[in-house]
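Presented below is the structure to which this report refers.
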Amino acid sequence: MDFKAQIQMGIPTELPSKKERSSAVSHAPNRKQILSKEEKQLAIRNALRYFPAEWHAVLAPEFAEELQTYGRIYMYRFQPSYEIYARAISAYPAQTSHAASIMLMIQNNLDPAVAQHPQELITYGGNGAVFQNWAQYLLTMQYLSEMTNEQTLHIYSGHPMGLFPSSKEAPRVVVSNGMMIPNYSKQDDWEKYNALGVTQYGQMTAGSYMYIGPQGIVHGTAITVMNAFRKVLKADENPNGKIFLTAGLGGMSGAQPKAGNIAGCITICAEVNPLAAKKRHEQGWVDELIENLDTLVTRTKIAKSKNEIVSLAFIGNVVDVWERFDEEQIFIHLGSDQTSLHNPWAGGYYPSGLSFEEANDMMNQNPDAFKTKVQESLRRHADAINLHTKKGTYFFDYGNAFLLEASRAGADVMAENDIDFKYPSYVQDILGPMCFDYGFGPFRWVCSSGKIEDLQKTDAIALRVLQKIKEEAPIEIQQQLSDNIKWISEAEQNKLVVGSKARILYADAEGRAKIALAFNEAIDNGELSAPIILGRDHHDVSGTDSPYRETSNIYDGSKFTADMAIHNVIGDSFRGATWVSIHNGGGVGWGEVTNGGFGMVLDGSKDSERKLKNMLFYDVNNGIARRSWARNKEAMFALQREMDRTKTLKVTIPTLVENKLLDNLF
């Protein structure tokens with residue numbers, strides 16, 4: 001049976017043979033056993049509802065074994081036999097190019113070259129899932145193959161509820177992930193309800209079908225590192241030979257070495273999982289692999305003495321690196337961490353003192369002891385960082401909940417007021433005031449043809465648009481435009497593509513709309529051979545309410561509210577998005593953030609032109625308006641500038657209050 005026929009079939013008509021897990025790919029750690037006997041029976045009952053009753057006698061014990069062994073039911077038997085990767089849009093059986101584009105993006109998220117744990121349907125972050133199980137994947141692809149332009153597919157935490165009548169103006173797919181009742185949104189709630197098969201952690205771009213491989217975070221990391229060095233170096237210095245020390249090479253964090261090379265420094269990135277480190281090295285994302293701490297010390301000293309630009313992956317624990325570099329008096333200019341600490345007890349953070357295998361065994365067999373080990377390691381980790389920051393190291397939290405979990409472990413990371421952290425979030429110091437408040441965020445696109453020539457043409461189009469905008473842009477955003485012009489002009493030579501033929505750059509509402517309009521015109525006139533799929537990281541101006549990351553530079557007390565993200569996804573849905581998503585959880589953890597995203601297919605039509613102008617404008621300016629209302633001066637500037645240009649935009653402006661009026665009131 002060919003690829004198209006298998007997609008159209010959905011759940012197979014005959015029970016496929018049992019499949020074993022592959023040893024060639026990385027697997028999710030076994031989750032802890034959290035269900036009672038009755039709940040395990042319910043989980044199996046929930047899983048069996050996808051299949052004919054005559055299969056239940058075979059599948060019930062098999063699913064019970066998966067649940068008992070792995071802590072989840074993945075339905076390995078139903079993983080399709082065909083290769084999963086982003087094919088050209090014409091390869092998909094679909095009645096609409098919009099549905100075919102979504103199929104392409106789903107397969108890209110599950111491509112073994114892209115996904116962190118592909119057989120567990122996890123794209124990145126240790127638990128960022130596209131679907132909970134393979135039955136959901138099969139049904140979703142089948143529904144998409146049948147969909148017309150007057151139907152909408154509704155996805156409930158990976159489960160395709162079904163196709164509902166709608167209209168051409170409606171989104172083709174609406175996705176929600178993990179939308180729990182607030183009092184049931186703690187970490188163990190996720191473990192329980194995910195094990196039951198009724199919710200999932202969609203991360204950010206995993207469960208919304210918009211991940212484009214590590215490139216997606218390379219750009220944001222490069223901007224962050226470049227501007228962090230600008231904060232700590234003198235005007236006549238450059239980052240060559242200066243150290244950026246961090247951790248994490250799995251999933252999105254694998255982008256860090258490439259970003260460090262682009263920024264022009266020495267990047268040292270520790271990773272405890274040898275498979276993850278070797279995968280990034282094979283893909284060209286890190287220059288050298290080092291397995292011995294003594295060797296790392298020697299190699300680092302050589303790199304410093306020669307002012308090298310190089311990325312070094314250390315297969316080991318970053319805590320050991322921080323402590324050893326202190327002993328060796330190796331000065332670290334920049335320090336951070338990008339392990340998946342939103343998921344600290346199930347593989348997101350590996351404690352020092354245990355091997356990778358020992359940690360995996362302990363987290364499954366003795367979760368309480370593992371939690372104790374993690375918190376001991378976090379205290380050591382913070383102590384070592386503190387030694388370096390006393391010498392002048394600039395350490396920033398990279399939005400992975402490092403400071404939050406370290407504080408919960410009792411580590412020395414709190415400021416004197418015992419409310420704030422002693423180290424800033426990178427959003428507070430860099431991306432918030434420099435990018436998000438001005439409307440700059442991670443705009444991305446995918447060439448659905450799969451052709452490198454189309455990607456090259458889009459790079460050239462985007463470069464021309466940005467250069468033209470820069471000619472008349474105010475001084476406040478000249479640096480942002482210059483950084484992005486440099487980025488897009490060097491993108492191809494930096495070999496950023498893994499999986500789909502995709503690109504990312506940071507642009508504001510004006511830049512996004514003008515680039516998208518130019519793409520649409522190029523499709524219409526035949527310069528581009530197939531539709532372009534637009535999207536963005538949820539880590540953006542408007543899409544995410546996250547008090548420890550995206551909205552950490554909101555100081556009016558509203559950073560713990562989630563109205564912006566909810567309005568964003570609703571507003572995008574009726575302004576022209578092809579699909580929309582809203583999630584509980586993201587890069588900083590379950591229950592800690594609400595985030596939303598979109599996808600938009602440009603097909604060269606007048607409809608696409610109208611939709612892109614409406615939706616991209618709102619998608620950015622909704623967030624600028626909220627940031628302006630919080631009295632962020634950069635956002636107030638950006639919003640006033642937009643209202644001067646767009647007469648139909650009228651937004652409430654805050655009145656500023658003199659501090660002296662409040663000093664003696666209480």
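Residues are named by chain letter and number: chains run A, B, ... in the order of the structure tokens, numbers start at 1 in each chain, and ligands are numbered from 1 in the order shown.
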Residues within 12 Å of Tyr143 in chain A, please, as an mmCIF file with C-alpha atoms, in the first residue's frame. Count only C-alpha atoms; anything in the same chain fewer than 4 positions from it doesn't count.
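Written out: part_5.cif:
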data_model
loop_
_atom_site.group_PDB
_atom_site.id
_atom_site.type_symbol
_atom_site.label_atom_id
_atom_site.label_comp_id
_atom_site.auth_asym_id
_atom_site.auth_seq_id
_atom_site.Cartn_x
_atom_site.Cartn_y
_atom_site.Cartn_z
ATOM 1 C CA ILE A 7 -2.736 8.154 5.130
ATOM 2 C CA GLN A 8 -6.297 7.899 3.824
ATOM 3 C CA MET A 9 -6.899 4.612 5.664
ATOM 4 C CA GLY A 10 -6.250 6.040 9.134
ATOM 5 C CA ILE A 11 -6.523 3.219 11.692
ATOM 6 C CA PRO A 93 -3.472 13.228 -0.221
ATOM 7 C CA ALA A 94 -5.662 16.248 0.477
ATOM 8 C CA GLN A 95 -8.570 18.189 -0.956
ATOM 9 C CA THR A 96 -7.078 21.528 0.085
ATOM 10 C CA ALA A 99 -4.790 20.657 4.958
ATOM 11 C CA ALA A 100 -1.768 19.313 3.077
ATOM 12 C CA ILE A 102 -0.669 21.016 8.106
ATOM 13 C CA MET A 103 0.145 17.379 7.307
ATOM 14 C CA GLN A 136 -4.200 9.950 17.324
ATOM 15 C CA TYR A 137 -1.603 10.591 14.619
ATOM 16 C CA LEU A 138 -3.254 8.161 12.195
ATOM 17 C CA LEU A 139 -6.729 9.585 12.719
ATOM 18 C CA MET A 147 -11.080 17.922 4.971
ATOM 19 C CA THR A 148 -12.680 20.530 2.738
ATOM 20 C CA GLN A 151 -14.665 22.131 7.715
ATOM 21 C CA THR A 152 -12.576 22.591 10.862
ATOM 22 C CA LEU A 153 -10.734 19.808 12.696
ATOM 23 C CA HIS A 154 -10.735 20.196 16.480
ATOM 24 C CA ILE A 155 -7.824 18.659 18.409
ATOM 25 C CA HIS A 159 -7.066 13.651 20.232
ATOM 26 C CA PRO A 160 -8.780 14.537 16.941
ATOM 27 C CA MET A 161 -12.341 15.114 18.083
ATOM 28 C CA GLY A 162 -13.461 15.342 14.460
ATOM 29 C CA LEU A 163 -14.359 17.497 11.483
ATOM 30 C CA PHE A 164 -17.069 20.073 12.093
ATOM 31 C CA ARG A 172 -8.923 24.626 9.289
ATOM 32 C CA VAL A 173 -7.612 23.270 12.611
#
So that I can check the surroundings of Ser355 in chain A, please list as a PyMOL selection string every protein, DNA and RNA residue that reaches within 10 Å of it, counting only C-alpha atoms and ignoring chain neighbours fewer than 6 positions away. chain A and resi 272-273+316-317+361
Please run DSSP on the backbone and report, as a ChimeraX atom specification, all residues within range 368-447 of chain A that come out as helix (DSSP H, G or I). /A:368-389,402-408,426-434,436-438
With only C-alpha atoms counted and 10 Å as the cut-off, give the residues of range 391-501 of chain A in contact with range 589-611 of chain A, each with its shortest interatomic distance in Å and the pair that gives it, as JSON lines.
{"residue": "A:Gly399", "atom": "CA", "partner": "A:Gly589", "partner_atom": "CA", "distance": 10.0}
{"residue": "A:Asn400", "atom": "CA", "partner": "A:Gly589", "partner_atom": "CA", "distance": 8.1}
{"residue": "A:Ala401", "atom": "CA", "partner": "A:Gly589", "partner_atom": "CA", "distance": 7.3}
{"residue": "A:Arg444", "atom": "CA", "partner": "A:Gly599", "partner_atom": "CA", "distance": 9.8}
{"residue": "A:Trp445", "atom": "CA", "partner": "A:Met600", "partner_atom": "CA", "distance": 9.2}
{"residue": "A:Val446", "atom": "CA", "partner": "A:Val601", "partner_atom": "CA", "distance": 9.5}
{"residue": "A:Ser448", "atom": "CA", "partner": "A:Val601", "partner_atom": "CA", "distance": 9.4}
Let me see the file: selected residues, C-alpha atoms, as a PDB file, in the first residue's frame.
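part.pdb was written with the following content:
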ATOM      1  CA  GLY A 399      13.585  30.871  30.498  1.00  0.00           C
ATOM      2  CA  ASN A 400      13.880  27.166  31.303  1.00  0.00           C
ATOM      3  CA  ALA A 401      12.716  27.532  34.942  1.00  0.00           C
ATOM      4  CA  ARG A 444       9.120  31.999  10.461  1.00  0.00           C
ATOM      5  CA  TRP A 445       8.162  30.393   7.188  1.00  0.00           C
ATOM      6  CA  VAL A 446       8.345  26.999   5.479  1.00  0.00           C
ATOM      7  CA  SER A 448       6.021  23.684   1.106  1.00  0.00           C
TER       8      SER A 448
END
Which residues of range 263-330 of chain A come within 12 Å of range 15-24 of chain A, and what is each one's closest atom pair and distance in Å (one decimal), counting only C-alpha atoms, sorted by chain and residue number, as JSON lines?
{"residue": "A:Leu275", "atom": "CA", "partner": "A:Ala24", "partner_atom": "CA", "distance": 9.4}
{"residue": "A:Ala276", "atom": "CA", "partner": "A:Ala24", "partner_atom": "CA", "distance": 11.7}
{"residue": "A:Lys279", "atom": "CA", "partner": "A:Ala24", "partner_atom": "CA", "distance": 11.0}
Residue with smallest distance to Arg230 in chain A - pool A:Tyr350, A:Val286, A:Lys422, A:Gln479, counting only C-alpha atoms: A:Gln479
Find the residues near Asn238 in chain A: any atom within 10 Å, counting only C-alpha atoms, skip ones fewer than 6 places away on the same chain, and give them as a PDB file with all heavy atoms, in the first residue's frame.
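Everything below was put into out.pdb:
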ATOM      1  N   MET A 226      24.613  37.759  21.540  1.00  0.00           N
ATOM      2  CA  MET A 226      25.257  38.963  21.003  1.00  0.00           C
ATOM      3  C   MET A 226      25.016  40.166  21.905  1.00  0.00           C
ATOM      4  O   MET A 226      25.937  40.932  22.219  1.00  0.00           O
ATOM      5  CB  MET A 226      24.754  39.264  19.590  1.00  0.00           C
ATOM      6  CG  MET A 226      25.307  38.352  18.518  1.00  0.00           C
ATOM      7  SD  MET A 226      24.923  38.898  16.826  1.00  0.00           S
ATOM      8  CE  MET A 226      23.147  38.723  16.787  1.00  0.00           C
ATOM      9  N   PHE A 229      26.828  39.926  25.318  1.00  0.00           N
ATOM     10  CA  PHE A 229      28.216  40.367  25.200  1.00  0.00           C
ATOM     11  C   PHE A 229      28.301  41.886  25.082  1.00  0.00           C
ATOM     12  O   PHE A 229      29.225  42.514  25.625  1.00  0.00           O
ATOM     13  CB  PHE A 229      28.895  39.695  23.999  1.00  0.00           C
ATOM     14  CG  PHE A 229      29.480  38.338  24.300  1.00  0.00           C
ATOM     15  CD1 PHE A 229      29.026  37.208  23.653  1.00  0.00           C
ATOM     16  CD2 PHE A 229      30.484  38.196  25.247  1.00  0.00           C
ATOM     17  CE1 PHE A 229      29.554  35.957  23.923  1.00  0.00           C
ATOM     18  CE2 PHE A 229      31.028  36.947  25.535  1.00  0.00           C
ATOM     19  CZ  PHE A 229      30.555  35.820  24.870  1.00  0.00           C
ATOM     20  N   ARG A 230      27.357  42.503  24.365  1.00  0.00           N
ATOM     21  CA  ARG A 230      27.358  43.969  24.270  1.00  0.00           C
ATOM     22  C   ARG A 230      27.203  44.611  25.643  1.00  0.00           C
ATOM     23  O   ARG A 230      27.724  45.709  25.891  1.00  0.00           O
ATOM     24  CB  ARG A 230      26.229  44.431  23.347  1.00  0.00           C
ATOM     25  CG  ARG A 230      26.500  44.184  21.864  1.00  0.00           C
ATOM     26  CD  ARG A 230      25.255  44.393  21.012  1.00  0.00           C
ATOM     27  NE  ARG A 230      25.520  44.087  19.606  1.00  0.00           N
ATOM     28  CZ  ARG A 230      24.597  43.727  18.727  1.00  0.00           C
ATOM     29  NH1 ARG A 230      23.325  43.637  19.108  1.00  0.00           N
ATOM     30  NH2 ARG A 230      24.926  43.447  17.478  1.00  0.00           N
ATOM     31  N   ALA A 263      27.503  34.224  17.059  1.00  0.00           N
ATOM     32  CA  ALA A 263      27.843  35.382  17.894  1.00  0.00           C
ATOM     33  C   ALA A 263      29.346  35.610  17.962  1.00  0.00           C
ATOM     34  O   ALA A 263      29.792  36.721  18.259  1.00  0.00           O
ATOM     35  CB  ALA A 263      27.278  35.195  19.298  1.00  0.00           C
ATOM     36  N   GLY A 264      30.130  34.548  17.718  1.00  0.00           N
ATOM     37  CA  GLY A 264      31.577  34.711  17.629  1.00  0.00           C
ATOM     38  C   GLY A 264      32.341  34.468  18.911  1.00  0.00           C
ATOM     39  O   GLY A 264      33.352  35.120  19.159  1.00  0.00           O
ATOM     40  N   CYS A 265      31.903  33.490  19.723  1.00  0.00           N
ATOM     41  CA  CYS A 265      32.553  33.244  21.012  1.00  0.00           C
ATOM     42  C   CYS A 265      32.983  31.780  21.129  1.00  0.00           C
ATOM     43  O   CYS A 265      32.857  31.006  20.173  1.00  0.00           O
ATOM     44  CB  CYS A 265      31.598  33.593  22.148  1.00  0.00           C
ATOM     45  SG  CYS A 265      30.091  32.583  22.172  1.00  0.00           S
ATOM     46  N   ASN A 307      42.002  33.085  21.035  1.00  0.00           N
ATOM     47  CA  ASN A 307      40.806  33.873  20.678  1.00  0.00           C
ATOM     48  C   ASN A 307      39.941  33.167  19.637  1.00  0.00           C
ATOM     49  O   ASN A 307      39.476  33.762  18.662  1.00  0.00           O
ATOM     50  CB  ASN A 307      41.201  35.263  20.166  1.00  0.00           C
ATOM     51  CG  ASN A 307      41.606  36.184  21.298  1.00  0.00           C
ATOM     52  OD1 ASN A 307      41.210  35.993  22.441  1.00  0.00           O
ATOM     53  ND2 ASN A 307      42.422  37.177  20.986  1.00  0.00           N
TER      54      ASN A 307
END
Do you know which residues are at most 10 Å from Tyr124 in chain A counting only C-alpha atoms, after dropping those on the same chain fewer than 4 positions away, and could you put them as number ranges by chain? A: 109, 114-118, 128-130, 202-206, 211, 213-214, 250-254, 340, 587
Go ahead and write the residues just picked, N, CA, C and O atoms, as an mmCIF file, in the first residue's frame.
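What ended up in part22.cif:
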data_model
loop_
_atom_site.group_PDB
_atom_site.id
_atom_site.type_symbol
_atom_site.label_atom_id
_atom_site.label_comp_id
_atom_site.auth_asym_id
_atom_site.auth_seq_id
_atom_site.Cartn_x
_atom_site.Cartn_y
_atom_site.Cartn_z
ATOM 1 N N ASN A 109 7.472 17.727 12.519
ATOM 2 C CA ASN A 109 7.649 17.661 13.968
ATOM 3 C C ASN A 109 8.024 16.266 14.452
ATOM 4 O O ASN A 109 8.606 16.116 15.526
ATOM 5 N N VAL A 114 14.536 15.556 13.439
ATOM 6 C CA VAL A 114 14.057 16.768 14.101
ATOM 7 C C VAL A 114 13.633 16.481 15.535
ATOM 8 O O VAL A 114 13.982 17.207 16.465
ATOM 9 N N ALA A 115 12.859 15.413 15.708
ATOM 10 C CA ALA A 115 12.226 15.121 16.996
ATOM 11 C C ALA A 115 13.221 14.556 18.004
ATOM 12 O O ALA A 115 14.121 13.798 17.657
ATOM 13 N N GLN A 116 13.011 14.904 19.261
ATOM 14 C CA GLN A 116 13.876 14.422 20.335
ATOM 15 C C GLN A 116 13.628 12.944 20.630
ATOM 16 O O GLN A 116 14.570 12.156 20.731
ATOM 17 N N HIS A 117 12.354 12.558 20.776
ATOM 18 C CA HIS A 117 11.973 11.166 21.043
ATOM 19 C C HIS A 117 10.875 10.785 20.043
ATOM 20 O O HIS A 117 9.694 10.740 20.393
ATOM 21 N N PRO A 118 11.243 10.508 18.793
ATOM 22 C CA PRO A 118 10.227 10.373 17.743
ATOM 23 C C PRO A 118 9.224 9.252 17.963
ATOM 24 O O PRO A 118 8.047 9.397 17.622
ATOM 25 N N GLY A 128 7.442 17.503 25.259
ATOM 26 C CA GLY A 128 6.661 18.315 24.326
ATOM 27 C C GLY A 128 6.135 17.460 23.187
ATOM 28 O O GLY A 128 6.861 17.145 22.240
ATOM 29 N N ALA A 129 4.874 17.071 23.269
ATOM 30 C CA ALA A 129 4.314 16.057 22.386
ATOM 31 C C ALA A 129 3.452 16.648 21.273
ATOM 32 O O ALA A 129 2.752 17.638 21.465
ATOM 33 N N VAL A 130 3.495 15.993 20.114
ATOM 34 C CA VAL A 130 2.599 16.308 19.004
ATOM 35 C C VAL A 130 1.262 15.593 19.226
ATOM 36 O O VAL A 130 0.192 16.163 19.029
ATOM 37 N N GLY A 202 1.856 20.046 25.245
ATOM 38 C CA GLY A 202 2.179 20.374 23.857
ATOM 39 C C GLY A 202 3.416 21.237 23.706
ATOM 40 O O GLY A 202 3.755 21.623 22.588
ATOM 41 N N GLN A 203 4.086 21.537 24.851
ATOM 42 C CA GLN A 203 5.199 22.490 24.841
ATOM 43 C C GLN A 203 4.725 23.766 24.155
ATOM 44 O O GLN A 203 3.664 24.276 24.485
ATOM 45 N N MET A 204 5.477 24.262 23.202
ATOM 46 C CA MET A 204 5.053 25.481 22.508
ATOM 47 C C MET A 204 4.798 25.158 21.040
ATOM 48 O O MET A 204 3.656 25.044 20.604
ATOM 49 N N THR A 205 5.823 24.920 20.263
ATOM 50 C CA THR A 205 5.619 24.642 18.838
ATOM 51 C C THR A 205 5.561 23.152 18.531
ATOM 52 O O THR A 205 5.436 22.777 17.369
ATOM 53 N N ALA A 206 5.649 22.286 19.541
ATOM 54 C CA ALA A 206 5.524 20.835 19.304
ATOM 55 C C ALA A 206 4.074 20.475 19.025
ATOM 56 O O ALA A 206 3.731 19.987 17.945
ATOM 57 N N TYR A 211 7.168 23.550 14.827
ATOM 58 C CA TYR A 211 8.598 23.445 15.127
ATOM 59 C C TYR A 211 9.370 23.318 13.820
ATOM 60 O O TYR A 211 8.940 22.603 12.909
ATOM 61 N N GLY A 213 12.846 22.631 13.832
ATOM 62 C CA GLY A 213 14.176 22.171 14.195
ATOM 63 C C GLY A 213 14.896 23.218 15.016
ATOM 64 O O GLY A 213 14.340 24.282 15.340
ATOM 65 N N PRO A 214 16.134 22.943 15.385
ATOM 66 C CA PRO A 214 16.864 23.850 16.273
ATOM 67 C C PRO A 214 17.039 25.264 15.728
ATOM 68 O O PRO A 214 17.269 26.193 16.491
ATOM 69 N N GLY A 250 19.694 18.602 23.745
ATOM 70 C CA GLY A 250 18.524 17.912 23.228
ATOM 71 C C GLY A 250 17.477 18.901 22.777
ATOM 72 O O GLY A 250 17.346 19.995 23.309
ATOM 73 N N GLY A 251 16.704 18.516 21.760
ATOM 74 C CA GLY A 251 15.605 19.373 21.320
ATOM 75 C C GLY A 251 16.066 20.773 20.981
ATOM 76 O O GLY A 251 17.059 20.979 20.296
ATOM 77 N N MET A 252 15.361 21.770 21.484
ATOM 78 C CA MET A 252 15.642 23.152 21.127
ATOM 79 C C MET A 252 16.979 23.638 21.661
ATOM 80 O O MET A 252 17.635 24.484 21.062
ATOM 81 N N SER A 253 17.399 23.108 22.809
ATOM 82 C CA SER A 253 18.656 23.589 23.381
ATOM 83 C C SER A 253 19.859 23.218 22.531
ATOM 84 O O SER A 253 20.940 23.772 22.695
ATOM 85 N N GLY A 254 19.675 22.295 21.590
ATOM 86 C CA GLY A 254 20.757 21.942 20.687
ATOM 87 C C GLY A 254 21.205 23.077 19.801
ATOM 88 O O GLY A 254 22.237 22.988 19.129
ATOM 89 N N SER A 340 15.900 21.122 30.463
ATOM 90 C CA SER A 340 14.431 21.243 30.476
ATOM 91 C C SER A 340 13.897 21.210 31.904
ATOM 92 O O SER A 340 13.187 20.286 32.310
ATOM 93 N N GLY A 587 7.839 26.308 27.757
ATOM 94 C CA GLY A 587 9.239 26.178 28.119
ATOM 95 C C GLY A 587 9.540 26.291 29.596
ATOM 96 O O GLY A 587 10.614 25.892 30.039
#
May I ask which of the residues A:Gln640, A:Gln187, A:Asn194, A:Thr69 is the closest one to Asn30 in chain A, counting only C-alpha atoms?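 Result for the nearest residue to Asn30 in chain A: A:Thr69.
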Contacts of Pro654 in chain A at 9 Å (only C-alpha atoms; same-chain gap of 4+ positions) as a list in words: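 Using only C-alpha atoms, the neighbours found are Ser628, Trp629, Ala630, Arg631 and Met636 of chain A.
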Could you give me, as a VMD selection string, the residues within 6 Å of Glu308 in chain A, counting only C-alpha atoms and dropping anything in the same chain fewer than 4 positions from it? chain A and resid 240 to 241 303
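Closest approach to Leu534 in chain A from the set A:Gly125, A:Pro442, A:Pro239, A:Pro29 is made by A:Pro442, with distances taken over only C-alpha atoms.
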For Thr295 in chain A, find every residue with an atom within 12 Å (counting only C-alpha atoms), except residues of its own chain fewer than 5 positions away, and show them as a list in words. Glu288, Leu289, Ile290, Thr300, Lys301, Ile302, Leu312, Ala313, Phe314, Ile315, Val321 and Arg324 of chain A
Using DSSP assignments from the backbone, pull out every residue in range 485-569 of chain A that falls under strand (DSSP E or B) and give it to me as a list of chain:residue names. A:Ala502, A:Arg503, A:Ile504, A:Leu505, A:Tyr506, A:Ala507, A:Ile532, A:Ile533, A:Leu534, A:Gly535, A:Arg536, A:Thr544, A:Asp545
Write out, as a PDB file, in the first residue's frame, the residues just selected, with N, CA and C atoms.
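File written: part20.pdb
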ATOM      1  N   ALA A 502      12.922  25.603   5.951  1.00  0.00           N
ATOM      2  CA  ALA A 502      12.326  26.657   6.775  1.00  0.00           C
ATOM      3  C   ALA A 502      13.337  27.739   7.087  1.00  0.00           C
ATOM      4  N   ARG A 503      12.802  28.895   7.475  1.00  0.00           N
ATOM      5  CA  ARG A 503      13.641  30.023   7.876  1.00  0.00           C
ATOM      6  C   ARG A 503      12.939  30.805   8.981  1.00  0.00           C
ATOM      7  N   ILE A 504      13.737  31.490   9.765  1.00  0.00           N
ATOM      8  CA  ILE A 504      13.224  32.342  10.836  1.00  0.00           C
ATOM      9  C   ILE A 504      14.005  33.644  10.843  1.00  0.00           C
ATOM     10  N   LEU A 505      13.360  34.704  11.223  1.00  0.00           N
ATOM     11  CA  LEU A 505      14.046  35.955  11.557  1.00  0.00           C
ATOM     12  C   LEU A 505      13.137  36.735  12.504  1.00  0.00           C
ATOM     13  N   TYR A 506      13.706  37.700  13.182  1.00  0.00           N
ATOM     14  CA  TYR A 506      12.914  38.557  14.076  1.00  0.00           C
ATOM     15  C   TYR A 506      12.441  39.771  13.281  1.00  0.00           C
ATOM     16  N   ALA A 507      11.132  39.985  13.284  1.00  0.00           N
ATOM     17  CA  ALA A 507      10.562  41.132  12.580  1.00  0.00           C
ATOM     18  C   ALA A 507       9.389  41.672  13.389  1.00  0.00           C
ATOM     19  N   ILE A 532       3.599  29.010   0.712  1.00  0.00           N
ATOM     20  CA  ILE A 532       4.489  29.253   1.846  1.00  0.00           C
ATOM     21  C   ILE A 532       3.653  29.153   3.122  1.00  0.00           C
ATOM     22  N   ILE A 533       4.198  28.483   4.115  1.00  0.00           N
ATOM     23  CA  ILE A 533       3.521  28.323   5.397  1.00  0.00           C
ATOM     24  C   ILE A 533       4.160  29.282   6.395  1.00  0.00           C
ATOM     25  N   LEU A 534       3.374  30.224   6.893  1.00  0.00           N
ATOM     26  CA  LEU A 534       3.863  31.188   7.873  1.00  0.00           C
ATOM     27  C   LEU A 534       3.561  30.708   9.286  1.00  0.00           C
ATOM     28  N   GLY A 535       4.392  31.117  10.212  1.00  0.00           N
ATOM     29  CA  GLY A 535       4.133  30.853  11.625  1.00  0.00           C
ATOM     30  C   GLY A 535       5.073  31.684  12.470  1.00  0.00           C
ATOM     31  N   ARG A 536       5.135  31.349  13.731  1.00  0.00           N
ATOM     32  CA  ARG A 536       6.091  31.980  14.626  1.00  0.00           C
ATOM     33  C   ARG A 536       6.300  31.070  15.811  1.00  0.00           C
ATOM     34  N   THR A 544       2.234  34.616  24.309  1.00  0.00           N
ATOM     35  CA  THR A 544       2.505  33.867  25.532  1.00  0.00           C
ATOM     36  C   THR A 544       2.480  34.748  26.767  1.00  0.00           C
ATOM     37  N   ASP A 545       1.726  34.292  27.759  1.00  0.00           N
ATOM     38  CA  ASP A 545       1.754  34.879  29.096  1.00  0.00           C
ATOM     39  C   ASP A 545       2.554  33.953  29.994  1.00  0.00           C
TER      40      ASP A 545
END
Quick one: of A:Tyr184, A:Trp322, A:Tyr349, A:Phe443, who's nearest to Thr393 in chain A, counting only C-alpha atoms? A:Trp322
With only C-alpha atoms as the atoms that count, which of A:Gly623, A:Pro274, A:Gly260, A:Pro367 lies nearest to Gly220 in chain A?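 The answer is A:Gly260, which sits nearest to Gly220 in chain A.
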So how far away is CA of His583 in chain A from CA of Thr199 in chain A, in Å?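 Result for CA of Thr199 in chain A versus CA of His583 in chain A: 10.8 Å, one decimal.
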So that each row is one residue of range 409-483 of chain A with an atom at most 9 Å from range 551-568 of chain A, can you give its shortest atom pair and the distance in Å to one decimal, using only C-alpha atoms, rows by chain and rising number, as a tab-separated table?
residue	atom	partner	partner_atom	distance
A:Ser425	CA	A:Ser552	CA	7.2
A:Val427	CA	A:Ser552	CA	6.5
A:Gln428	CA	A:Asn553	CA	4.8
A:Asp429	CA	A:Asn553	CA	8.2
A:Gly432	CA	A:Asn553	CA	6.2
A:Pro433	CA	A:Asn553	CA	7.7
Kindly give the distance, in Å, that separates CA of Thr298 in chain A and CA of Gln329 in chain A, rounded to a single decimal. 12.4 Å
Report the distance between CA of Asn292 in chain A and CA of Met362 in chain A in Å, rounded to one decimal place.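 According to the coordinates, CA of Asn292 in chain A and CA of Met362 in chain A are separated by 24.3 Å.
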